[in-house]
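Asker: Enclosed is the structure file structure.cif (mmCIF, C-alpha atoms and all ligand atoms).
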data_query
#
loop_
_atom_site.label_atom_id
_atom_site.label_comp_id
_atom_site.auth_asym_id
_atom_site.auth_seq_id
_atom_site.Cartn_x
_atom_site.Cartn_y
_atom_site.Cartn_z
CA MET A 1 -25.72 37.52 -6.40
CA ASN A 2 -25.95 36.10 -2.93
CA LEU A 3 -26.01 32.33 -3.30
CA PRO A 4 -26.25 30.38 -0.07
CA ARG A 5 -22.84 28.83 0.63
CA ARG A 6 -23.09 25.07 0.68
CA GLN A 7 -22.41 23.65 4.10
CA GLU A 8 -18.75 22.71 4.41
CA LEU A 9 -18.18 19.01 3.84
CA VAL A 10 -17.23 17.17 7.02
CA PHE A 11 -16.08 13.56 6.65
CA PRO A 12 -15.22 10.97 9.30
CA ALA A 13 -11.78 11.52 10.85
CA TRP A 14 -8.80 9.24 10.33
CA PRO A 15 -7.37 7.36 12.15
CA GLN A 16 -10.35 6.07 14.11
CA PHE A 17 -10.21 4.59 17.58
CA ASP A 18 -12.44 3.79 20.52
CA ALA A 19 -12.36 1.90 23.80
CA ALA A 20 -10.80 -1.12 22.06
CA GLU A 21 -7.54 0.71 21.27
CA ARG A 22 -7.52 2.22 24.77
CA ALA A 23 -7.97 -1.19 26.34
CA GLY A 24 -5.27 -2.65 24.11
CA LEU A 25 -2.75 0.01 25.08
CA ALA A 26 -3.50 -0.49 28.76
CA ARG A 27 -3.20 -4.27 28.33
CA ALA A 28 0.22 -3.93 26.68
CA LEU A 29 1.37 -1.47 29.34
CA GLU A 30 0.26 -3.58 32.23
CA GLN A 31 1.92 -6.74 30.92
CA GLY A 32 5.14 -5.09 32.09
CA GLN A 33 6.79 -6.55 28.95
CA TRP A 34 7.02 -4.09 26.10
CA TRP A 35 8.87 -6.01 23.40
CA ARG A 36 7.69 -8.97 21.38
CA MET A 37 10.19 -11.46 22.79
CA THR A 38 8.49 -11.58 26.17
CA GLY A 39 5.12 -9.89 25.61
CA GLY A 40 2.08 -11.44 23.94
CA GLU A 41 0.52 -8.71 21.78
CA VAL A 42 2.76 -8.94 18.69
CA THR A 43 2.52 -12.72 18.54
CA GLU A 44 -1.24 -12.63 18.96
CA PHE A 45 -1.60 -9.88 16.34
CA GLU A 46 0.47 -11.94 13.87
CA ARG A 47 -1.79 -14.93 14.42
CA GLU A 48 -4.93 -12.84 13.87
CA PHE A 49 -3.54 -10.98 10.84
CA ALA A 50 -2.34 -14.20 9.16
CA GLY A 51 -5.70 -15.85 9.83
CA HIS A 52 -7.58 -12.88 8.43
CA HIS A 53 -5.52 -12.95 5.23
CA GLY A 54 -5.49 -16.70 4.65
CA ALA A 55 -1.73 -16.89 5.22
CA ALA A 56 0.28 -19.57 7.00
CA HIS A 57 2.31 -16.98 8.92
CA ALA A 58 2.52 -13.26 9.46
CA LEU A 59 5.54 -11.36 10.74
CA ALA A 60 4.98 -7.90 12.22
CA VAL A 61 7.71 -5.34 11.51
CA THR A 62 8.51 -1.67 12.04
CA THR A 63 7.23 -0.24 8.71
CA GLY A 64 5.94 -1.26 5.30
CA THR A 65 9.21 -0.09 3.76
CA HIS A 66 11.18 -2.34 6.11
CA ALA A 67 8.84 -5.22 5.26
CA LEU A 68 9.81 -4.84 1.58
CA GLU A 69 13.51 -4.59 2.41
CA LEU A 70 13.38 -7.65 4.63
CA VAL A 71 11.59 -9.83 2.07
CA LEU A 72 13.80 -8.70 -0.80
CA GLU A 73 16.85 -9.63 1.27
CA VAL A 74 15.40 -13.05 2.00
CA LEU A 75 14.70 -13.51 -1.73
CA GLY A 76 18.39 -12.96 -2.45
CA VAL A 77 18.32 -9.35 -3.62
CA ARG A 78 21.88 -8.02 -3.44
CA PRO A 79 24.15 -5.70 -5.46
CA GLY A 80 24.22 -6.95 -9.05
CA THR A 81 20.59 -8.11 -9.02
CA GLU A 82 17.39 -6.47 -10.27
CA VAL A 83 13.83 -6.04 -9.00
CA ILE A 84 10.96 -5.24 -11.38
CA VAL A 85 8.62 -2.57 -9.98
CA PRO A 86 5.71 -0.59 -11.44
CA ALA A 87 6.84 2.91 -12.45
CA PHE A 88 3.73 4.40 -10.81
CA THR A 89 3.92 3.65 -7.07
CA PHE A 90 5.09 5.06 -3.76
CA ILE A 91 8.88 5.39 -3.62
CA SER A 92 9.34 2.54 -1.07
CA SER A 93 8.90 0.02 -3.88
CA SER A 94 12.16 1.11 -5.51
CA GLN A 95 13.93 2.37 -2.39
CA ALA A 96 13.70 -1.01 -0.69
CA ALA A 97 15.54 -2.65 -3.60
CA GLN A 98 18.06 0.18 -3.91
CA ARG A 99 18.89 0.09 -0.17
CA LEU A 100 20.07 -3.48 -0.80
CA GLY A 101 22.24 -2.25 -3.67
CA ALA A 102 19.99 -3.76 -6.35
CA VAL A 103 18.69 -2.00 -9.43
CA ALA A 104 14.95 -1.25 -9.39
CA VAL A 105 13.62 -1.67 -12.94
CA PRO A 106 10.44 0.41 -13.48
CA VAL A 107 7.89 -0.90 -15.97
CA ASP A 108 4.62 0.59 -17.18
CA VAL A 109 1.19 0.09 -15.60
CA ASP A 110 -2.23 -0.87 -16.88
CA PRO A 111 -4.27 2.19 -17.98
CA GLU A 112 -7.44 0.99 -16.20
CA THR A 113 -6.21 -0.44 -12.89
CA TYR A 114 -2.92 1.49 -12.54
CA CYS A 115 -1.30 -1.84 -11.51
CA VAL A 116 1.78 -3.36 -13.16
CA ASP A 117 1.42 -4.23 -16.86
CA VAL A 118 2.24 -7.94 -16.90
CA HIS A 119 3.59 -7.92 -20.49
CA ALA A 120 5.92 -5.06 -19.60
CA ALA A 121 7.09 -7.00 -16.53
CA GLU A 122 7.71 -10.09 -18.64
CA ALA A 123 9.76 -8.11 -21.16
CA ALA A 124 11.93 -6.69 -18.35
CA ILE A 125 13.06 -10.05 -16.94
CA THR A 126 16.81 -10.72 -17.22
CA PRO A 127 19.06 -13.39 -15.68
CA ARG A 128 19.65 -10.89 -12.82
CA THR A 129 15.96 -10.48 -11.90
CA LYS A 130 15.33 -11.70 -8.34
CA ALA A 131 11.76 -10.51 -7.79
CA ILE A 132 8.73 -8.95 -9.46
CA MET A 133 6.89 -6.54 -7.15
CA PRO A 134 3.25 -5.93 -8.11
CA VAL A 135 1.65 -3.07 -6.12
CA HIS A 136 -2.10 -3.39 -5.47
CA MET A 137 -2.76 0.23 -6.38
CA GLY A 138 -5.31 1.91 -4.14
CA GLY A 139 -6.55 -1.55 -3.09
CA GLN A 140 -7.15 -2.83 -6.64
CA VAL A 141 -5.38 -6.20 -6.75
CA ALA A 142 -2.95 -6.53 -9.67
CA ASP A 143 -3.66 -9.29 -12.23
CA MET A 144 -2.53 -12.10 -9.95
CA ASP A 145 -3.53 -14.84 -12.43
CA ALA A 146 -1.22 -13.56 -15.15
CA LEU A 147 1.49 -12.70 -12.62
CA ALA A 148 1.39 -16.15 -11.01
CA LYS A 149 1.76 -17.70 -14.47
CA LEU A 150 4.66 -15.39 -15.32
CA SER A 151 6.32 -16.29 -12.02
CA ALA A 152 5.85 -20.02 -12.58
CA ASP A 153 7.13 -19.84 -16.17
CA SER A 154 10.12 -17.63 -15.40
CA GLY A 155 11.03 -18.92 -11.93
CA VAL A 156 11.12 -15.33 -10.63
CA PRO A 157 9.25 -14.97 -7.30
CA LEU A 158 6.52 -12.37 -6.78
CA LEU A 159 6.50 -10.01 -3.83
CA GLN A 160 3.09 -8.35 -3.49
CA ASP A 161 3.31 -4.82 -2.10
CA ALA A 162 -0.08 -4.86 -0.37
CA ALA A 163 0.45 -1.58 1.49
CA HIS A 164 -2.95 -0.46 0.10
CA ALA A 165 -4.68 -3.82 0.20
CA HIS A 166 -5.53 -4.96 3.74
CA GLY A 167 -8.51 -7.30 3.42
CA ALA A 168 -8.43 -7.34 -0.41
CA ARG A 169 -9.54 -10.48 -2.25
CA TRP A 170 -8.88 -11.85 -5.73
CA GLN A 171 -11.46 -14.37 -6.94
CA GLY A 172 -12.47 -15.08 -3.36
CA ARG A 173 -8.93 -15.54 -2.09
CA SER A 174 -7.24 -13.09 0.24
CA VAL A 175 -3.96 -11.49 -0.83
CA GLY A 176 -2.24 -13.58 1.84
CA ALA A 177 -3.45 -16.78 0.16
CA LEU A 178 -2.35 -16.14 -3.43
CA GLY A 179 0.81 -18.23 -3.27
CA SER A 180 3.33 -15.42 -2.81
CA ILE A 181 4.65 -13.28 0.02
CA ALA A 182 2.80 -10.00 0.64
CA THR A 183 3.82 -6.94 2.64
CA PHE A 184 1.58 -4.40 4.40
CA SER A 185 1.96 -0.96 5.93
CA PHE A 186 0.30 0.41 9.08
CA GLN A 187 1.49 4.00 8.60
CA ASN A 188 -0.92 6.71 9.80
CA GLY A 189 -2.94 7.01 6.58
CA LYS A 190 -3.24 3.32 5.76
CA LEU A 191 -6.41 1.25 6.16
CA MET A 192 -5.30 -0.04 9.57
CA THR A 193 -2.76 1.93 11.53
CA ALA A 194 -0.68 2.29 14.65
CA GLY A 195 0.96 5.48 13.35
CA GLU A 196 3.77 3.35 11.89
CA GLY A 197 4.15 -0.39 11.40
CA GLY A 198 4.29 -3.12 8.81
CA ALA A 199 3.73 -6.83 8.28
CA VAL A 200 4.71 -9.67 5.98
CA THR A 201 2.43 -12.61 5.20
CA PHE A 202 3.79 -15.97 4.04
CA PRO A 203 1.61 -18.43 2.10
CA ASP A 204 3.56 -21.40 3.56
CA ASP A 205 6.59 -22.18 5.75
CA GLU A 206 9.20 -21.24 3.14
CA PHE A 207 11.17 -18.12 4.06
CA TYR A 208 9.21 -17.47 7.28
CA GLU A 209 11.83 -18.57 9.80
CA GLU A 210 14.64 -16.92 7.87
CA ALA A 211 12.66 -13.67 7.77
CA PHE A 212 12.00 -13.94 11.51
CA ILE A 213 15.70 -14.39 12.25
CA ARG A 214 16.78 -11.55 9.96
CA HIS A 215 14.17 -9.17 11.39
CA SER A 216 15.68 -9.75 14.80
CA CYS A 217 19.36 -8.97 14.17
CA GLY A 218 20.03 -12.39 12.64
CA ARG A 219 19.45 -14.03 16.00
CA PRO A 220 17.70 -17.41 16.21
CA ARG A 221 14.85 -17.50 18.73
CA THR A 222 16.78 -19.69 21.14
CA ASP A 223 20.09 -17.84 20.89
CA ARG A 224 21.18 -16.72 24.35
CA GLY A 225 24.89 -16.67 23.53
CA TYR A 226 24.92 -13.86 20.92
CA PHE A 227 25.73 -16.29 18.10
CA HIS A 228 23.75 -14.31 15.44
CA ALA A 229 23.34 -16.85 12.65
CA THR A 230 22.88 -14.40 9.74
CA SER A 231 23.07 -10.71 8.95
CA GLY A 232 19.90 -8.73 9.56
CA SER A 233 18.62 -5.66 11.32
CA ASN A 234 16.15 -4.79 14.04
CA PHE A 235 12.75 -4.59 12.35
CA ARG A 236 10.77 -5.81 15.38
CA MET A 237 7.36 -4.31 16.13
CA ASN A 238 6.73 -3.20 19.73
CA GLU A 239 3.89 -4.42 21.93
CA PHE A 240 1.93 -1.12 21.97
CA SER A 241 1.65 -0.96 18.18
CA ALA A 242 0.44 -4.54 18.02
CA ALA A 243 -2.18 -3.95 20.71
CA VAL A 244 -3.58 -1.01 18.70
CA LEU A 245 -3.48 -3.01 15.47
CA ARG A 246 -5.51 -5.85 16.97
CA ALA A 247 -8.32 -3.36 17.57
CA GLN A 248 -7.86 -1.86 14.09
CA LEU A 249 -8.06 -5.30 12.45
CA ALA A 250 -11.35 -5.97 14.21
CA ARG A 251 -12.82 -2.88 12.51
CA LEU A 252 -11.39 -3.47 9.02
CA GLU A 253 -14.15 -5.52 7.35
CA GLU A 254 -16.97 -3.26 8.48
CA GLN A 255 -15.13 -0.24 7.07
CA ILE A 256 -14.37 -2.02 3.80
CA SER A 257 -18.09 -2.80 3.43
CA VAL A 258 -18.97 0.89 3.73
CA ARG A 259 -16.29 1.91 1.21
CA GLU A 260 -17.41 -0.85 -1.17
CA GLU A 261 -20.88 0.75 -1.14
CA ARG A 262 -19.71 4.32 -1.53
CA TRP A 263 -17.06 4.02 -4.27
CA PRO A 264 -19.38 2.72 -7.05
CA VAL A 265 -21.67 5.69 -6.37
CA LEU A 266 -18.82 8.21 -6.41
CA ALA A 267 -17.06 6.57 -9.38
CA ALA A 268 -20.26 6.66 -11.48
CA LEU A 269 -20.82 10.34 -10.67
CA LEU A 270 -17.20 11.27 -11.36
CA GLY A 271 -17.29 9.28 -14.59
CA GLU A 272 -20.13 11.49 -15.84
CA LEU A 273 -18.03 14.64 -15.51
CA PRO A 274 -16.37 15.74 -18.73
CA GLY A 275 -12.63 15.14 -18.62
CA VAL A 276 -12.69 12.88 -15.55
CA VAL A 277 -11.80 9.16 -15.74
CA PRO A 278 -12.02 7.18 -12.48
CA GLN A 279 -9.65 4.25 -11.81
CA GLY A 280 -11.17 1.12 -13.30
CA ARG A 281 -11.86 -2.08 -11.48
CA ASP A 282 -10.91 -5.59 -12.52
CA GLY A 283 -13.95 -7.62 -11.43
CA ARG A 284 -11.72 -10.49 -10.34
CA CYS A 285 -10.78 -8.25 -7.39
CA ASP A 286 -14.01 -9.16 -5.62
CA ARG A 287 -13.22 -7.41 -2.36
CA HIS A 288 -11.62 -4.00 -2.86
CA PRO A 289 -10.68 -2.14 0.32
CA HIS A 290 -10.40 1.29 -1.43
CA TYR A 291 -7.30 2.83 0.07
CA MET A 292 -7.50 5.72 -2.38
CA ALA A 293 -10.38 7.05 -4.48
CA MET A 294 -8.37 7.70 -7.66
CA PHE A 295 -9.16 9.39 -10.93
CA GLN A 296 -7.38 10.92 -13.89
CA ILE A 297 -7.99 14.26 -15.56
CA PRO A 298 -6.24 13.47 -18.86
CA GLY A 299 -4.13 16.29 -20.21
CA ILE A 300 -4.59 18.58 -17.20
CA GLY A 301 -0.87 19.08 -16.54
CA GLU A 302 0.87 19.40 -13.18
CA ARG A 303 0.27 23.12 -12.60
CA ARG A 304 -3.47 23.10 -13.12
CA ARG A 305 -3.75 19.83 -11.20
CA ALA A 306 -2.08 21.42 -8.16
CA GLU A 307 -4.63 24.27 -8.32
CA VAL A 308 -7.50 21.78 -8.53
CA VAL A 309 -6.22 19.85 -5.50
CA ASP A 310 -5.83 23.08 -3.50
CA ALA A 311 -9.36 24.16 -4.46
CA LEU A 312 -10.78 20.79 -3.41
CA ILE A 313 -9.01 20.99 -0.06
CA ALA A 314 -10.34 24.53 0.43
CA ARG A 315 -13.87 23.15 -0.04
CA GLY A 316 -13.33 20.38 2.53
CA VAL A 317 -12.45 17.51 0.18
CA PRO A 318 -9.25 15.69 1.29
CA ALA A 319 -7.49 15.55 -2.10
CA PHE A 320 -3.90 14.80 -3.12
CA VAL A 321 -1.85 14.66 -6.29
CA GLY A 322 -0.98 11.14 -7.46
CA PHE A 323 2.45 9.56 -7.07
CA ARG A 324 5.24 10.91 -9.22
CA ALA A 325 6.63 8.22 -11.56
CA LEU A 326 9.66 6.73 -9.77
CA TYR A 327 12.11 7.93 -12.42
CA ARG A 328 10.81 11.52 -12.00
CA THR A 329 12.28 11.71 -8.45
CA ASP A 330 15.85 12.57 -7.45
CA ALA A 331 15.76 9.69 -4.96
CA PHE A 332 15.51 7.14 -7.75
CA TRP A 333 18.79 8.27 -9.34
CA GLU A 334 20.89 8.51 -6.16
CA THR A 335 21.86 4.88 -5.55
CA ALA A 336 21.84 1.75 -7.71
CA ALA A 337 20.38 3.73 -10.61
CA PRO A 338 19.68 1.87 -13.84
CA ASP A 339 21.83 2.60 -16.88
CA THR A 340 19.25 4.77 -18.66
CA THR A 341 17.60 8.20 -18.43
CA ALA A 342 14.34 9.59 -17.10
CA ASP A 343 13.25 10.51 -20.62
CA ALA A 344 13.91 7.02 -21.95
CA LEU A 345 11.92 5.52 -19.07
CA ALA A 346 9.11 8.02 -19.68
CA ARG A 347 8.93 6.87 -23.30
CA ALA A 348 8.83 3.24 -22.17
CA CYS A 349 6.16 3.96 -19.53
CA PRO A 350 3.61 6.31 -21.17
CA ARG A 351 0.76 5.41 -18.78
CA ALA A 352 2.85 5.94 -15.65
CA GLU A 353 4.08 9.16 -17.19
CA ALA A 354 0.49 10.34 -17.75
CA LEU A 355 -0.64 9.32 -14.24
CA SER A 356 2.34 11.15 -12.80
CA GLN A 357 0.84 14.36 -14.21
CA ASP A 358 -2.92 13.86 -14.28
CA CYS A 359 -3.88 11.60 -11.35
CA VAL A 360 -5.74 12.93 -8.31
CA TRP A 361 -6.74 10.86 -5.30
CA LEU A 362 -9.13 11.38 -2.42
CA HIS A 363 -8.56 10.05 1.10
CA HIS A 364 -10.43 6.84 1.98
CA ARG A 365 -12.01 8.49 5.03
CA LEU A 366 -14.26 10.29 2.57
CA LEU A 367 -15.64 6.91 1.46
CA LEU A 368 -16.74 6.33 5.08
CA GLY A 369 -19.07 9.31 4.67
CA THR A 370 -22.75 9.19 3.72
CA GLU A 371 -24.17 8.52 0.27
CA PRO A 372 -25.46 12.13 -0.08
CA GLN A 373 -21.87 13.21 0.60
CA MET A 374 -20.70 11.25 -2.46
CA HIS A 375 -22.99 13.48 -4.54
CA GLN A 376 -21.57 16.56 -2.83
CA VAL A 377 -18.02 15.40 -3.56
CA ALA A 378 -18.78 14.91 -7.25
CA GLU A 379 -20.52 18.30 -7.40
CA THR A 380 -17.52 19.91 -5.76
CA VAL A 381 -15.13 18.29 -8.26
CA ALA A 382 -17.38 19.52 -11.09
CA GLU A 383 -17.41 23.07 -9.70
CA VAL A 384 -13.66 23.15 -9.23
CA LEU A 385 -13.00 21.86 -12.74
CA ALA A 386 -15.42 24.41 -14.16
CA GLY A 387 -13.18 26.98 -12.47
CA SER A 388 -15.82 28.40 -10.11
C1 LIG B 1 2.81 3.32 2.34
C2 LIG B 1 3.47 2.50 1.29
C3 LIG B 1 4.62 1.74 1.55
C4 LIG B 1 5.48 1.90 2.76
O1 LIG B 1 4.91 1.83 3.96
P1 LIG B 1 5.53 2.58 5.25
O2 LIG B 1 4.89 1.84 6.36
O3 LIG B 1 5.10 4.01 5.17
O4 LIG B 1 7.00 2.41 5.23
C5 LIG B 1 5.07 0.87 0.58
N1 LIG B 1 4.46 0.79 -0.62
C6 LIG B 1 3.39 1.53 -0.92
C7 LIG B 1 2.75 1.36 -2.26
C8 LIG B 1 2.86 2.42 0.02
O5 LIG B 1 1.82 3.20 -0.31
#
Take the structure I supplied and represent it as structure tokens, if you would.

Answerer:
Amino acid sequence: MNLPRRQELVFPAWPQFDAAERAGLARALEQGQWWRMTGGEVTEFEREFAGHHGAAHALAVTTGTHALELVLEVLGVRPGTEVIVPAFTFISSSQAAQRLGAVAVPVDVDPETYCVDVHAAEAAITPRTKAIMPVHMGGQVADMDALAKLSADSGVPLLQDAAHAHGARWQGRSVGALGSIATFSFQNGKLMTAGEGGAVTFPDDEFYEEAFIRHSCGRPRTDRGYFHATSGSNFRMNEFSAAVLRAQLARLEEQISVREERWPVLAALLGELPGVVPQGRDGRCDRHPHYMAMFQIPGIGERRRAEVVDALIARGVPAFVGFRALYRTDAFWETAAPDTTADALARACPRAEALSQDCVWLHHRLLLGTEPQMHQVAETVAEVLAGS
């Protein structure tokens, strides 16, 4: 049989740029000042990013991982302390704590949203817990009402890992305005990017100045005598990255609006396929930026999943396997490992364990495609699962 081959799917490229990024780079170059201490781009970007996210301050840094490390240090995370993290997340969530010598304590996630299970987080609190780190998985904001209550009741601060959640809102409030510190990533695949980069938003003045000093080698802004008031590192963003990010920020909302239209279409179509369960949405997340289009194929197993992802890629669909549960990596066990085993953690985290084996995600650039393309994506997933 000679069936006509469906036209190969072509989605918008990522990252995107236009004359605004070009102009920004030229502006930074021509300032003749290429670091934040004397240039203007980083400071201006911080003002714009904080304003956009309803935060009192933003601090631009080198990467999202460094943003987590910096904030954890400011919150008092040291050897002998613990940080509660979802078991299903990118490795930076645990690595940032472990780099400071603290134990990262993985807890299970919600089966619908893939965000931290608040009851599991509550049960994991000990006198050594210095922070609870919800991750807004794929742009779905974690249950910030329940988490804020848990934080208030327990006295343990929240650190929102918003690496997937630029522009996200929870009941009308931006992630920067939810009463806790949030960190962001501007790595190449993220929703705004300069190739690499990160930021921290602060809901008020607390911790901001200390974070600034520590991100700049422990050096107060006015220090000209190398007094270095605290320990720290150099996590400063450069002027070129900030100039690019100002242009990226200006494009963010328009792109979120397109993805917000496309995902409900794609999710409904995927949800009709036998054996496919798309990530659910908590309606209190009323602006969802859709960093990843995620779904589960329950029971598929890692080997068959890898074949499915390869087949999707071969048909032009940018697909990836989901994160491996933290405790299923060698990295997790190398430093500051908890006093338990991977199998015990797997039993305690059955949903993370399942996601680790059955979750597939599609790149957000696909959600910038046309509505007919959403139908083509779902048809392609159906074909691949049917084994054709
Ligand atoms: C990307 C990511 C980070 C780290 O960001 P980098 O800028 O790549 O260091 C942290 N947490 C999560 C959940 C991420 O996806």

Asker: Taking (6.2, 13.0, -13.2) in the coordinates of the supplied file, I want to know which residues reach to within 10 Å of it, counting only C-alpha atoms; could you give the answer as a tab-separated table (two decimals) with C-alpha atoms, in the coordinates of the input?

Answerer:
chain	number	residue	atom	x	y	z
A	88	PHE	CA	3.73	4.40	-10.81
A	301	GLY	CA	-0.87	19.08	-16.54
A	302	GLU	CA	0.87	19.40	-13.18
A	322	GLY	CA	-0.98	11.14	-7.46
A	323	PHE	CA	2.45	9.56	-7.07
A	324	ARG	CA	5.24	10.91	-9.22
A	325	ALA	CA	6.63	8.22	-11.56
A	326	LEU	CA	9.66	6.73	-9.77
A	327	TYR	CA	12.11	7.93	-12.42
A	328	ARG	CA	10.81	11.52	-12.00
A	329	THR	CA	12.28	11.71	-8.45
A	342	ALA	CA	14.34	9.59	-17.10
A	346	ALA	CA	9.11	8.02	-19.68
A	352	ALA	CA	2.85	5.94	-15.65
A	353	GLU	CA	4.08	9.16	-17.19
A	354	ALA	CA	0.49	10.34	-17.75
A	355	LEU	CA	-0.64	9.32	-14.24
A	356	SER	CA	2.34	11.15	-12.80
A	357	GLN	CA	0.84	14.36	-14.21
A	358	ASP	CA	-2.92	13.86	-14.28

Asker: Please extract the residues at most 8 Å from ligand LIG 1 (chain B), counting only C-alpha atoms and all ligand atoms, and provide them as a ChimeraX atom specification, using the chain letters and residue numbers of this document.

Answerer: /A:62-68,89-93,135-137,161-164,184-187,190,196-198

Asker: With all atoms listed in the file as the basis for distance, which of A:Asp223, A:Glu379, A:Glu46, A:Glu307 is at the shortest distance from Gly271 (chain A)?

Answerer: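 For Gly271 (chain A), the nearest of the given residues is A:Glu379.
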
Asker: Between CA of Arg284 (chain A) and CA of Tyr114 (chain A), measure the distance and give it in Å to one decimal.

Answerer: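 Straight-line distance from CA of Arg284 (chain A) to CA of Tyr114 (chain A) works out to 15.0 Å.
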
Asker: For a quick check of understanding, using all atoms listed in the file, which of A:Val200, A:Ala165, A:Leu150, A:Ala267 has the smallest distance to His375 (chain A)?

Answerer: A:Ala267

Asker: When distances are computed from all atoms listed in the file, which of A:Glu210, A:Glu371, A:Glu239, A:Glu253 shows the smallest separation from Val265 (chain A)?

Answerer: A:Glu371

Asker: Please list as a VMD selection string every residue within 10 Å of Lys130 (chain A), counting only C-alpha atoms and excluding residues in the same chain fewer than 6 positions away.

Answerer: chain A and resid 72 to 73 75 to 78 81 to 84 102 155 to 158

Asker: What is the CA of Ala20 (chain A)-CA of Tyr291 (chain A) distance in Å, reported with one decimal?

Answerer: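 Separation of CA of Ala20 (chain A) and CA of Tyr291 (chain A): 22.6 Å.
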